[in-house]
$ cat coords24.cif   # mmCIF, C-alpha atoms
data_my_file
loop_
_atom_site.label_atom_id
_atom_site.label_comp_id
_atom_site.auth_asym_id
_atom_site.auth_seq_id
_atom_site.Cartn_x
_atom_site.Cartn_y
_atom_site.Cartn_z
CA MET A 1 1.24 -9.16 -32.42
CA ALA A 2 2.05 -10.46 -28.96
CA GLY A 3 2.87 -6.92 -27.89
CA LEU A 4 -0.53 -5.71 -29.07
CA ARG A 5 -2.31 -8.48 -27.14
CA ALA A 6 -0.37 -7.62 -23.99
CA LYS A 7 -1.29 -3.96 -24.41
CA GLN A 8 -4.98 -4.83 -24.91
CA LYS A 9 -4.91 -7.08 -21.84
CA ALA A 10 -3.29 -4.36 -19.74
CA ASP A 11 -5.89 -1.86 -20.97
CA LYS A 12 -8.79 -4.17 -20.03
CA THR A 13 -7.25 -4.89 -16.65
CA ARG A 14 -6.88 -1.19 -15.95
CA ARG A 15 -10.48 -0.47 -17.01
CA ILE A 16 -11.81 -3.26 -14.80
CA LEU A 17 -9.86 -2.05 -11.77
CA GLU A 18 -10.83 1.58 -12.31
CA ALA A 19 -14.51 0.62 -12.71
CA ALA A 20 -14.37 -1.56 -9.61
CA THR A 21 -12.77 1.09 -7.43
CA THR A 22 -15.35 3.64 -8.59
CA LEU A 23 -18.26 1.34 -7.75
CA PHE A 24 -16.70 0.14 -4.50
CA ARG A 25 -16.47 3.79 -3.40
CA GLU A 26 -19.94 4.77 -4.61
CA GLN A 27 -21.92 1.68 -3.58
CA GLY A 28 -19.70 -0.04 -1.04
CA TYR A 29 -17.75 -3.23 -1.60
CA ASP A 30 -20.59 -5.56 -0.57
CA SER A 31 -23.22 -3.84 -2.74
CA ALA A 32 -21.17 -3.52 -5.92
CA ARG A 33 -22.04 -6.20 -8.48
CA ILE A 34 -19.71 -7.92 -10.91
CA GLU A 35 -22.19 -7.22 -13.73
CA ASP A 36 -22.07 -3.48 -13.05
CA ILE A 37 -18.27 -3.50 -12.89
CA ALA A 38 -18.12 -5.26 -16.27
CA GLU A 39 -20.60 -2.78 -17.79
CA MET A 40 -18.68 0.24 -16.57
CA ALA A 41 -15.39 -1.27 -17.79
CA GLU A 42 -17.01 -1.97 -21.18
CA VAL A 43 -16.18 -5.68 -21.10
CA SER A 44 -18.43 -8.72 -20.96
CA VAL A 45 -19.00 -10.52 -17.66
CA GLY A 46 -17.29 -13.56 -19.18
CA THR A 47 -14.22 -11.48 -20.03
CA LEU A 48 -14.09 -10.09 -16.51
CA TYR A 49 -14.16 -13.63 -15.09
CA ASN A 50 -11.23 -14.51 -17.36
CA TYR A 51 -9.23 -11.97 -15.38
CA TYR A 52 -10.68 -12.26 -11.87
CA GLN A 53 -12.67 -15.01 -10.15
CA ASN A 54 -14.54 -12.73 -7.75
CA LYS A 55 -14.66 -9.28 -6.16
CA GLY A 56 -12.01 -10.28 -3.65
CA ASP A 57 -9.56 -10.92 -6.49
CA ILE A 58 -10.37 -7.51 -7.94
CA LEU A 59 -9.84 -5.86 -4.57
CA VAL A 60 -6.46 -7.47 -3.97
CA ALA A 61 -5.43 -6.59 -7.55
CA THR A 62 -6.25 -2.99 -6.70
CA VAL A 63 -4.15 -3.24 -3.54
CA ALA A 64 -1.34 -4.69 -5.65
CA MET A 65 -1.60 -1.80 -8.11
CA GLU A 66 -1.51 0.65 -5.21
CA VAL A 67 1.50 -0.98 -3.54
CA THR A 68 3.40 -1.34 -6.83
CA GLU A 69 3.14 2.39 -7.48
CA VAL A 70 4.09 3.18 -3.88
CA LEU A 71 7.15 0.91 -4.09
CA GLU A 72 8.27 2.62 -7.29
CA GLY A 73 8.10 6.00 -5.60
CA GLY A 74 9.76 4.61 -2.49
CA ALA A 75 12.65 3.16 -4.49
CA ARG A 76 13.60 6.64 -5.66
CA ILE A 77 13.64 7.90 -2.07
CA VAL A 78 15.69 4.94 -0.81
CA ALA A 79 18.24 5.44 -3.60
CA ASN A 80 18.89 9.02 -2.49
CA PRO A 81 17.39 9.62 0.97
CA PRO A 82 17.74 12.74 3.12
CA LEU A 83 20.80 12.26 5.30
CA ASN A 84 18.82 12.61 8.49
CA VAL A 85 17.13 9.55 9.98
CA ALA A 86 13.85 11.17 11.03
CA GLU A 87 13.54 13.14 7.79
CA ALA A 88 14.31 10.11 5.64
CA LEU A 89 11.69 8.03 7.44
CA ARG A 90 9.15 10.82 7.22
CA THR A 91 9.75 11.28 3.50
CA LEU A 92 9.29 7.58 2.72
CA ILE A 93 6.33 7.00 5.03
CA ASP A 94 4.51 10.18 3.95
CA GLN A 95 4.83 8.97 0.37
CA TYR A 96 3.20 5.68 1.39
CA TYR A 97 0.37 7.39 3.24
CA ASP A 98 -0.25 10.12 0.65
CA HIS A 99 -0.86 7.47 -2.02
CA SER A 100 -2.89 5.13 0.20
CA LEU A 101 -6.31 6.58 -0.63
CA TYR A 102 -5.69 7.20 -4.33
CA TYR A 103 -7.40 3.98 -5.43
CA LEU A 104 -8.80 2.62 -2.18
CA SER A 105 -11.15 4.07 0.39
CA LYS A 106 -10.83 3.28 4.09
CA GLU A 107 -13.74 0.84 3.74
CA MET A 108 -11.94 -0.97 0.90
CA TRP A 109 -8.76 -1.22 2.96
CA ARG A 110 -10.75 -2.62 5.91
CA THR A 111 -12.31 -5.23 3.64
CA ALA A 112 -8.96 -6.27 2.18
CA MET A 113 -7.46 -6.54 5.67
CA ALA A 114 -10.42 -8.56 6.96
CA ILE A 115 -10.26 -11.00 4.05
CA SER A 116 -6.53 -11.52 4.55
CA ILE A 117 -7.10 -12.36 8.24
CA GLN A 118 -10.26 -14.46 7.87
CA GLN A 119 -8.98 -16.52 4.92
CA PRO A 120 -5.22 -16.79 5.52
CA GLU A 121 -4.66 -19.72 3.14
CA THR A 122 -6.33 -18.17 0.09
CA PRO A 123 -4.27 -16.74 -2.81
CA LEU A 124 -5.76 -13.32 -2.02
CA SER A 125 -4.52 -13.44 1.57
CA ARG A 126 -1.09 -14.73 0.58
CA ARG A 127 -0.77 -11.94 -1.99
CA TYR A 128 -1.74 -9.34 0.61
CA THR A 129 0.90 -10.69 2.99
CA GLU A 130 3.46 -10.70 0.19
CA LEU A 131 2.79 -7.02 -0.55
CA ASP A 132 3.20 -6.16 3.13
CA GLY A 133 6.52 -7.99 3.02
CA GLN A 134 7.70 -5.92 0.06
CA LEU A 135 6.88 -2.68 1.87
CA CYS A 136 8.67 -3.89 4.99
CA ALA A 137 11.71 -4.84 2.93
CA GLN A 138 11.81 -1.34 1.45
CA VAL A 139 11.81 0.29 4.89
CA VAL A 140 14.63 -2.07 5.87
CA ARG A 141 16.57 -1.02 2.75
CA LEU A 142 16.16 2.62 3.74
CA VAL A 143 17.66 1.95 7.17
CA GLU A 144 20.46 -0.09 5.58
CA THR A 145 21.20 2.75 3.16
CA LEU A 146 21.35 5.31 5.95
CA LYS A 147 23.63 3.02 7.96
CA ALA A 148 25.92 2.47 4.96
CA ARG A 149 26.20 6.25 4.54
CA GLY A 150 27.19 6.73 8.16
CA VAL A 151 23.96 8.38 9.27
CA ILE A 152 23.00 5.52 11.60
CA GLN A 153 25.28 4.09 14.27
CA ALA A 154 27.34 1.10 13.15
CA GLY A 155 26.07 -1.14 15.96
CA VAL A 156 22.39 -0.82 14.99
CA ASP A 157 20.72 -3.92 13.53
CA ALA A 158 19.32 -2.34 10.35
CA LYS A 159 16.96 -5.22 9.55
CA ALA A 160 15.44 -5.34 13.02
CA MET A 161 15.12 -1.56 13.21
CA GLY A 162 13.53 -1.35 9.76
CA GLU A 163 11.00 -3.98 10.80
CA VAL A 164 10.19 -1.99 13.96
CA PHE A 165 9.51 1.14 11.91
CA PHE A 166 7.41 -0.77 9.38
CA ASN A 167 5.38 -2.61 12.03
CA ASN A 168 4.54 0.69 13.67
CA LEU A 169 3.59 2.52 10.49
CA ASN A 170 1.48 -0.47 9.44
CA MET A 171 -0.29 -0.72 12.80
CA MET A 172 -1.00 3.01 12.76
CA PHE A 173 -2.39 2.73 9.23
CA ILE A 174 -4.78 0.03 10.43
CA GLU A 175 -5.94 2.37 13.22
CA PHE A 176 -6.35 5.15 10.65
CA CYS A 177 -8.54 2.92 8.48
CA LYS A 178 -10.74 2.07 11.46
CA VAL A 179 -11.65 5.71 12.05
CA ASP A 180 -13.36 7.36 9.10
CA ALA A 181 -13.08 10.81 10.67
CA MET A 182 -9.29 10.70 11.15
CA PRO A 183 -7.54 12.89 8.54
CA LEU A 184 -4.38 11.79 6.79
CA GLU A 185 -2.37 14.66 8.24
CA GLU A 186 -3.14 13.48 11.77
CA LEU A 187 -1.91 9.98 10.93
CA LYS A 188 1.35 11.34 9.49
CA ALA A 189 1.92 13.67 12.45
CA ARG A 190 1.37 10.90 15.00
CA VAL A 191 3.66 8.42 13.26
CA ASN A 192 6.37 11.04 12.84
CA ALA A 193 6.14 11.93 16.54
CA GLN A 194 6.51 8.24 17.44
CA HIS A 195 9.51 7.71 15.17
CA GLU A 196 11.46 10.85 15.99
CA PRO A 197 12.76 9.72 19.43
CA ILE A 198 13.88 6.35 18.01
CA ALA A 199 15.53 8.08 15.06
CA ALA A 200 17.43 10.33 17.47
CA LEU A 201 18.63 7.32 19.48
CA ILE A 202 20.07 5.44 16.48
CA SER A 203 21.45 8.45 14.64
CA SER A 204 25.21 8.81 14.46
CA ILE A 205 24.77 12.58 14.18
CA LYS A 206 23.72 13.99 17.51
CA ILE A 207 21.93 17.31 17.52
CA VAL A 208 22.86 19.34 20.60
#
$ encode --input "coords24.cif" --output "structure tokens"
Amino acid sequence: MAGLRAKQKADKTRRILEAATTLFREQGYDSARIEDIAEMAEVSVGTLYNYYQNKGDILVATVAMEVTEVLEGGARIVANPPLNVAEALRTLIDQYYDHSLYYLSKEMWRTAMAISIQQPETPLSRRYTELDGQLCAQVVRLVETLKARGVIQAGVDAKAMGEVFFNNLNMMFIEFCKVDAMPLEELKARVNAQHEPIAALISSIKIV
């Protein structure tokens, strides 16, 4: 019985998030109404409020769903990465970027970022920061894995270098979200071009 309730709860949660992302895209985050989200999700407004207190909670839950799926895909890459620093980074980061607009539009990302900065002590902001930390930790694990397999020089600080790569890919994603006209392929190409020289410097395998 408990398993059935958990399944029903997960189903309602998914319907609410899918309805919200649809309306956020169609109407804009500010214009979308809780009542319309509930109607599209086929739940009562009261039920929706049992799950989420406001639109901000729904938005961060969508970000969490996005990041969870990205981390799952990233874990498979980190477990068996290409044995080339630049290629391994590109494979992981492209997976992040390719999934980034699956649930969220650029406007939705901008809103989530703004809320996390403007209200740093709220649960929503803390959750956003926590998700960023999980992504950063995964990039660090990739660098650690490559170092353990002899692809990166032994003297390289894997944690510091992973944080450098993450901070750059995160900053570039923010810039991407600011510019509606920028295509995803341009973002990926620019980040790869920025990372390639660093990857060459720390690689234990020098290409002549």
$ atom_distance --input "coords24.cif" --atom1 "CA of Val70 (chain A)" --atom2 "CA of Leu101 (chain A)"
11.4 Å
$ resolve_selection --input "coords24.cif" --expression "the PyMOL selection byres ((chain A and resi 144-148) around 8)" --output "list in words"
Val78, Ala79, Pro81, Leu83, Val85, Val140, Arg141, Leu142, Val143, Arg149, Gly150, Val151, Ile152, Gln153, Ala154, Ala158 and Lys159 of chain A
$ resolve_selection --input "coords24.cif" --expression "the PyMOL selection byres ((chain A and resi 45-61) around 7)" --output "PyMOL selection string"
chain A and resi 17+35+38+43-44+62-65+112+124+128
$ atom_distance --input "coords24.cif" --atom1 "CA of Ala181 (chain A)" --atom2 "CA of Ser31 (chain A)"
22.3 Å
$ atom_distance --input "coords24.cif" --atom1 "CA of Asp132 (chain A)" --atom2 "CA of Ile37 (chain A)"
26.9 Å
$ resolve_selection --input "coords24.cif" --expression "the PyMOL selection byres ((chain A and resi 165) around 9)" --output "short mmCIF file (atom, residue, chain, number, x, y, z; two decimals) with C-alpha atoms, keeping the file's coordinate frame"
data_model
loop_
_atom_site.label_atom_id
_atom_site.label_comp_id
_atom_site.auth_asym_id
_atom_site.auth_seq_id
_atom_site.Cartn_x
_atom_site.Cartn_y
_atom_site.Cartn_z
CA LEU A 89 11.69 8.03 7.44
CA CYS A 136 8.67 -3.89 4.99
CA VAL A 139 11.81 0.29 4.89
CA VAL A 140 14.63 -2.07 5.87
CA ALA A 160 15.44 -5.34 13.02
CA MET A 161 15.12 -1.56 13.21
CA GLY A 162 13.53 -1.35 9.76
CA GLU A 163 11.00 -3.98 10.80
CA VAL A 164 10.19 -1.99 13.96
CA PHE A 166 7.41 -0.77 9.38
CA ASN A 167 5.38 -2.61 12.03
CA ASN A 168 4.54 0.69 13.67
CA LEU A 169 3.59 2.52 10.49
CA ASN A 170 1.48 -0.47 9.44
CA HIS A 195 9.51 7.71 15.17
#
$ axis_aligned_box --input "coords24.cif" --around "region 183-201 of chain A" --padding-each-side "3 Å" --output "lines of an AutoDock Vina configuration file"
center_x = 5.5
center_y = 10.5
center_z = 13.1
size_x = 32.2
size_y = 14.3
size_z = 18.7
$ closest_residue --input "coords24.cif" --among "A:Gln95, A:Met113, A:Ile174, A:Ala19" --to "Ala75 (chain A)" --atoms "only C-alpha atoms"
A:Gln95
$ residues_around --input "coords24.cif" --residues "region 90-92 of chain A" --least-positions-apart "5" --cutoff "7 Å" --atoms "only C-alpha atoms" --output "ChimeraX atom specification"
/A:74,77,192
$ decode --input "coords24.cif" --residues "region 94-207 of chain A" --atoms "C-alpha atoms" --output "mmCIF file, in the first residue's frame"
data_model
loop_
_atom_site.group_PDB
_atom_site.id
_atom_site.type_symbol
_atom_site.label_atom_id
_atom_site.label_comp_id
_atom_site.auth_asym_id
_atom_site.auth_seq_id
_atom_site.Cartn_x
_atom_site.Cartn_y
_atom_site.Cartn_z
ATOM 1 C CA ASP A 94 28.343 18.628 -23.609
ATOM 2 C CA GLN A 95 26.074 16.188 -21.788
ATOM 3 C CA TYR A 96 25.313 18.896 -19.215
ATOM 4 C CA TYR A 97 24.609 21.523 -21.853
ATOM 5 C CA ASP A 98 22.615 19.268 -24.184
ATOM 6 C CA HIS A 99 20.169 18.495 -21.373
ATOM 7 C CA SER A 100 19.996 22.039 -19.995
ATOM 8 C CA LEU A 101 17.033 23.189 -22.086
ATOM 9 C CA TYR A 102 15.044 19.952 -21.926
ATOM 10 C CA TYR A 103 12.802 21.157 -19.093
ATOM 11 C CA LEU A 104 13.861 24.771 -18.670
ATOM 12 C CA SER A 105 13.973 27.694 -21.054
ATOM 13 C CA LYS A 106 16.640 30.382 -20.822
ATOM 14 C CA GLU A 107 14.086 32.665 -19.144
ATOM 15 C CA MET A 108 13.366 30.001 -16.517
ATOM 16 C CA TRP A 109 17.069 29.555 -15.828
ATOM 17 C CA ARG A 110 17.485 33.330 -15.461
ATOM 18 C CA THR A 111 14.614 33.434 -12.979
ATOM 19 C CA ALA A 112 16.023 30.561 -10.923
ATOM 20 C CA MET A 113 19.458 32.208 -10.870
ATOM 21 C CA ALA A 114 17.995 35.578 -9.878
ATOM 22 C CA ILE A 115 15.968 34.080 -7.029
ATOM 23 C CA SER A 116 19.012 32.237 -5.699
ATOM 24 C CA ILE A 117 21.011 35.493 -5.638
ATOM 25 C CA GLN A 118 18.287 37.820 -4.354
ATOM 26 C CA GLN A 119 17.090 35.480 -1.589
ATOM 27 C CA PRO A 120 20.235 33.616 -0.500
ATOM 28 C CA GLU A 121 18.825 32.384 2.824
ATOM 29 C CA THR A 122 15.661 30.796 1.433
ATOM 30 C CA PRO A 123 15.334 26.997 1.052
ATOM 31 C CA LEU A 124 15.021 27.523 -2.710
ATOM 32 C CA SER A 125 18.338 29.368 -2.884
ATOM 33 C CA ARG A 126 20.101 26.853 -0.648
ATOM 34 C CA ARG A 127 18.816 24.003 -2.812
ATOM 35 C CA TYR A 128 20.045 25.747 -5.963
ATOM 36 C CA THR A 129 23.483 26.182 -4.403
ATOM 37 C CA GLU A 130 23.485 22.546 -3.308
ATOM 38 C CA LEU A 131 22.764 21.390 -6.868
ATOM 39 C CA ASP A 132 25.613 23.536 -8.189
ATOM 40 C CA GLY A 133 27.847 21.884 -5.608
ATOM 41 C CA GLN A 134 26.870 18.417 -6.817
ATOM 42 C CA LEU A 135 27.726 19.308 -10.402
ATOM 43 C CA CYS A 136 31.058 20.775 -9.319
ATOM 44 C CA ALA A 137 31.836 17.640 -7.325
ATOM 45 C CA GLN A 138 31.173 15.509 -10.397
ATOM 46 C CA VAL A 139 33.609 17.520 -12.521
ATOM 47 C CA VAL A 140 36.171 17.124 -9.735
ATOM 48 C CA ARG A 141 35.571 13.347 -9.748
ATOM 49 C CA LEU A 142 36.202 13.285 -13.491
ATOM 50 C CA VAL A 143 39.565 15.002 -13.044
ATOM 51 C CA GLU A 144 40.405 12.674 -10.144
ATOM 52 C CA THR A 145 39.528 9.646 -12.276
ATOM 53 C CA LEU A 146 41.712 10.830 -15.139
ATOM 54 C CA LYS A 147 44.570 11.489 -12.724
ATOM 55 C CA ALA A 148 44.201 8.045 -11.143
ATOM 56 C CA ARG A 149 44.398 6.478 -14.612
ATOM 57 C CA GLY A 150 47.605 8.333 -15.423
ATOM 58 C CA VAL A 151 46.094 10.699 -17.971
ATOM 59 C CA ILE A 152 46.742 13.805 -15.857
ATOM 60 C CA GLN A 153 50.116 14.697 -14.367
ATOM 61 C CA ALA A 154 50.652 13.441 -10.816
ATOM 62 C CA GLY A 155 51.444 16.915 -9.458
ATOM 63 C CA VAL A 156 48.106 18.445 -10.511
ATOM 64 C CA ASP A 157 45.662 19.331 -7.714
ATOM 65 C CA ALA A 158 42.612 17.471 -9.056
ATOM 66 C CA LYS A 159 40.124 19.210 -6.756
ATOM 67 C CA ALA A 160 41.334 22.708 -7.577
ATOM 68 C CA MET A 161 41.510 21.965 -11.299
ATOM 69 C CA GLY A 162 38.033 20.422 -11.331
ATOM 70 C CA GLU A 163 36.675 23.519 -9.609
ATOM 71 C CA VAL A 164 38.354 25.734 -12.225
ATOM 72 C CA PHE A 165 36.704 23.793 -15.049
ATOM 73 C CA PHE A 166 33.318 23.848 -13.326
ATOM 74 C CA ASN A 167 33.472 27.557 -12.495
ATOM 75 C CA ASN A 168 34.206 28.331 -16.125
ATOM 76 C CA LEU A 169 31.498 26.111 -17.594
ATOM 77 C CA ASN A 170 29.019 27.542 -15.081
ATOM 78 C CA MET A 171 29.965 31.154 -15.824
ATOM 79 C CA MET A 172 29.693 30.508 -19.560
ATOM 80 C CA PHE A 173 26.266 28.919 -19.060
ATOM 81 C CA ILE A 174 25.124 32.068 -17.258
ATOM 82 C CA GLU A 175 26.321 34.137 -20.234
ATOM 83 C CA PHE A 176 24.492 31.756 -22.580
ATOM 84 C CA CYS A 177 21.253 32.206 -20.627
ATOM 85 C CA LYS A 178 21.576 35.989 -20.850
ATOM 86 C CA VAL A 179 21.585 35.944 -24.647
ATOM 87 C CA ASP A 180 18.454 34.426 -26.161
ATOM 88 C CA ALA A 181 19.981 34.398 -29.646
ATOM 89 C CA MET A 182 23.076 32.379 -28.686
ATOM 90 C CA PRO A 183 22.772 28.773 -29.918
ATOM 91 C CA LEU A 184 23.840 25.829 -27.803
ATOM 92 C CA GLU A 185 26.511 24.783 -30.291
ATOM 93 C CA GLU A 186 28.227 28.156 -29.926
ATOM 94 C CA LEU A 187 28.313 27.769 -26.146
ATOM 95 C CA LYS A 188 29.830 24.283 -26.408
ATOM 96 C CA ALA A 189 32.421 25.386 -28.977
ATOM 97 C CA ARG A 190 33.526 28.373 -26.882
ATOM 98 C CA VAL A 191 33.861 26.379 -23.666
ATOM 99 C CA ASN A 192 35.760 23.612 -25.432
ATOM 100 C CA ALA A 193 38.150 26.171 -26.944
ATOM 101 C CA GLN A 194 38.754 27.646 -23.476
ATOM 102 C CA HIS A 195 39.394 24.271 -21.856
ATOM 103 C CA GLU A 196 41.611 22.724 -24.508
ATOM 104 C CA PRO A 197 44.797 24.710 -23.672
ATOM 105 C CA ILE A 198 44.417 23.945 -19.947
ATOM 106 C CA ALA A 199 43.774 20.286 -20.710
ATOM 107 C CA ALA A 200 46.958 20.177 -22.783
ATOM 108 C CA LEU A 201 48.973 21.721 -19.939
ATOM 109 C CA ILE A 202 47.874 19.193 -17.303
ATOM 110 C CA SER A 203 47.875 16.134 -19.541
ATOM 111 C CA SER A 204 50.542 13.526 -18.921
ATOM 112 C CA ILE A 205 50.310 12.521 -22.586
ATOM 113 C CA LYS A 206 51.886 15.189 -24.739
ATOM 114 C CA ILE A 207 50.824 15.367 -28.356
#
